[in-house]
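Participant: Got a structure for you, written out below as C-alpha cells; questions coming shortly.
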Amino acid sequence: MAAVVKALNAKIRSNPVANYLCSTHFWGPASNFGIPIAAVLDTQKSPELISGQMTGALTIYAFTFMRYALAVTPRNYLLFGCHFVNAGAQLTQGYRYLDWHYWGGKEKAVQKAATAPVAAAAVAK
C-alpha cells in the first residue's frame, strides 16, 4: 500500500499544476479567503454593528500578511490577493465606522428617519 501512495504522490508532484493545487501555498490562502469574503459582505450591514477595534486589528493583519506574502520564497500572489481584498474591505469598514460614530452619520440617519414619514405623507396626498 505504501508503494501505491508513493507512486500516486510522485505522479501528482510531477505535474506542476497538480503539485501547486496540492500544496499549502495554494490551500492556505484559499481557506483564508473566508475572512475577506465576510468583510465584503459586512459592508452591506448597518455601520452601528462595526467594531472599531476589530476593524483596526484586521487592517493591520491584512497589511502585515500582504507584506509577508511577497517576502516568502516563492512569492505567494494568491495570499497577497487575499489580504489585498481584506485590506480594502477593512479600510471601507473603518471609514464607515468613523463616519457613523465621529463624522455625523448617526445624526444624519436619525434626521433622515424623522423626515421620512413627513415626506411619505406629502406624497400620499
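Residue numbering restarts at 1 for every chain of the C-alpha cells, chains are lettered A, B, ... in their displayed order, and ligands are numbered from 1 as they appear.
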Using only C-alpha atoms, I'd like a table of the residues in segment 72-124 of chain A that come within 12 Å of segment 17-24 of chain A; for each, show the closest atom pair and its distance in Å rounded to one decimal, ordered by chain and ascending number, as CSV.
Facilitator:
```
residue,atom,partner,partner_atom,distance
A:Pro74,CA,A:Tyr20,CA,11.8
A:Asn76,CA,A:Thr24,CA,10.4
A:Leu78,CA,A:Thr24,CA,11.3
A:Leu79,CA,A:Thr24,CA,10.7
```
Participant: List every residue of segment 50-81 of chain A that DSSP, applied to the backbone of this structure, places in alpha helix (DSSP H), and write the result as a CSV table (one decimal) with C-alpha atoms, in the first residue's frame.
Facilitator:
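That gives us states06.csv:
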```csv
chain,number,residue,atom,x,y,z
A,52,GLY,CA,-13.6,49.8,15.6
A,53,GLN,CA,-11.0,47.8,17.5
A,54,MET,CA,-11.6,44.6,15.5
A,55,THR,CA,-11.5,46.6,12.2
A,56,GLY,CA,-8.2,48.2,13.2
A,57,ALA,CA,-6.7,44.9,14.1
A,58,LEU,CA,-7.9,43.2,10.9
A,59,THR,CA,-6.5,46.1,8.9
A,60,ILE,CA,-3.1,45.7,10.5
A,61,TYR,CA,-3.3,42.0,10.0
A,62,ALA,CA,-4.1,42.4,6.3
A,63,PHE,CA,-1.2,44.8,5.6
A,64,THR,CA,1.2,42.6,7.6
A,65,PHE,CA,0.4,39.5,5.7
A,66,MET,CA,0.3,41.3,2.3
A,67,ARG,CA,4.0,42.1,3.0
A,68,TYR,CA,4.6,38.5,4.2
A,69,ALA,CA,3.1,37.1,1.0
A,70,LEU,CA,5.7,39.0,-1.0
A,71,ALA,CA,8.6,38.3,1.4
A,77,TYR,CA,0.5,36.1,-5.0
A,78,LEU,CA,-2.7,34.3,-4.1
A,79,LEU,CA,-2.1,35.1,-0.4
A,80,PHE,CA,-1.3,38.7,-1.4
A,81,GLY,CA,-4.6,38.9,-3.3
```
Participant: For Pro29 of chain A, which of A:Cys82, A:Ala87, A:Ala116, A:Ala3 is the closest residue, counting only C-alpha atoms?
Facilitator: A:Cys82
Participant: Have a look at atom CA of Gly34 of chain A and atom CA of Asn15 of chain A and let me know their distance in Å, one decimal.
Facilitator: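 Atom-to-atom, atom CA of Gly34 of chain A to atom CA of Asn15 of chain A, that is 28.0 Å.
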Participant: Hey, which of A:Thr73, A:Ser51, A:Asn32, A:Thr115 ends up closest to His101 of chain A? Count only C-alpha atoms.
Facilitator: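 Among the listed residues, the smallest separation from His101 of chain A belongs to A:Ser51.
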Participant: Atom CA of Pro47 of chain A and atom CA of Phe84 of chain A, how far apart in Å?
Facilitator: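 Separation between atom CA of Phe84 of chain A and atom CA of Pro47 of chain A: 21.8 Å.
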Participant: When you draw a straight line from atom CA of Ala114 of chain A to atom CA of Thr43 of chain A, how long is it in Å?
Facilitator: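 That distance, rounded to one decimal, is 24.3 Å.
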Participant: Tell me which of A:Lys108, A:Arg75, A:Arg13, A:His83 sits closest to Pro36 of chain A, counting only C-alpha atoms.
Facilitator: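 Checking each of A:Lys108, A:Arg75, A:Arg13, A:His83 against Pro36 of chain A, counting only C-alpha atoms, the winner is A:His83.
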Participant: What's around Ala39 of chain A at 7 Å? Count only C-alpha atoms, leave out sequence neighbours fewer than 2 positions away in its own chain, and write the answer as an mmCIF file with N, CA and C atoms, in the first residue's frame.
Facilitator:
```cif
data_model
loop_
_atom_site.group_PDB
_atom_site.id
_atom_site.type_symbol
_atom_site.label_atom_id
_atom_site.label_comp_id
_atom_site.auth_asym_id
_atom_site.auth_seq_id
_atom_site.Cartn_x
_atom_site.Cartn_y
_atom_site.Cartn_z
ATOM 1 N N ILE A 35 -12.201 35.216 5.331
ATOM 2 C CA ILE A 35 -12.143 36.488 6.065
ATOM 3 C C ILE A 35 -12.503 37.663 5.149
ATOM 4 N N PRO A 36 -11.867 37.811 3.974
ATOM 5 C CA PRO A 36 -12.252 38.950 3.140
ATOM 6 C C PRO A 36 -13.658 38.830 2.559
ATOM 7 N N ILE A 37 -14.110 37.613 2.301
ATOM 8 C CA ILE A 37 -15.482 37.446 1.803
ATOM 9 C C ILE A 37 -16.471 37.931 2.861
ATOM 10 N N LEU A 41 -19.046 41.177 2.590
ATOM 11 C CA LEU A 41 -20.477 41.027 2.865
ATOM 12 C C LEU A 41 -20.922 41.934 4.012
ATOM 13 N N ASP A 42 -20.047 42.159 4.973
ATOM 14 C CA ASP A 42 -20.384 43.022 6.115
ATOM 15 C C ASP A 42 -20.516 44.493 5.727
ATOM 16 N N THR A 43 -19.989 44.884 4.577
ATOM 17 C CA THR A 43 -20.122 46.278 4.162
ATOM 18 C C THR A 43 -21.577 46.631 3.841
ATOM 19 N N ASN A 86 -8.931 41.862 1.643
ATOM 20 C CA ASN A 86 -9.260 42.056 3.051
ATOM 21 C C ASN A 86 -8.903 43.475 3.500
ATOM 22 N N ALA A 89 -11.510 45.871 2.163
ATOM 23 C CA ALA A 89 -12.783 45.745 2.879
ATOM 24 C C ALA A 89 -12.674 46.323 4.289
ATOM 25 N N GLN A 90 -11.564 46.104 4.962
ATOM 26 C CA GLN A 90 -11.396 46.623 6.322
ATOM 27 C C GLN A 90 -11.261 48.144 6.319
#
```
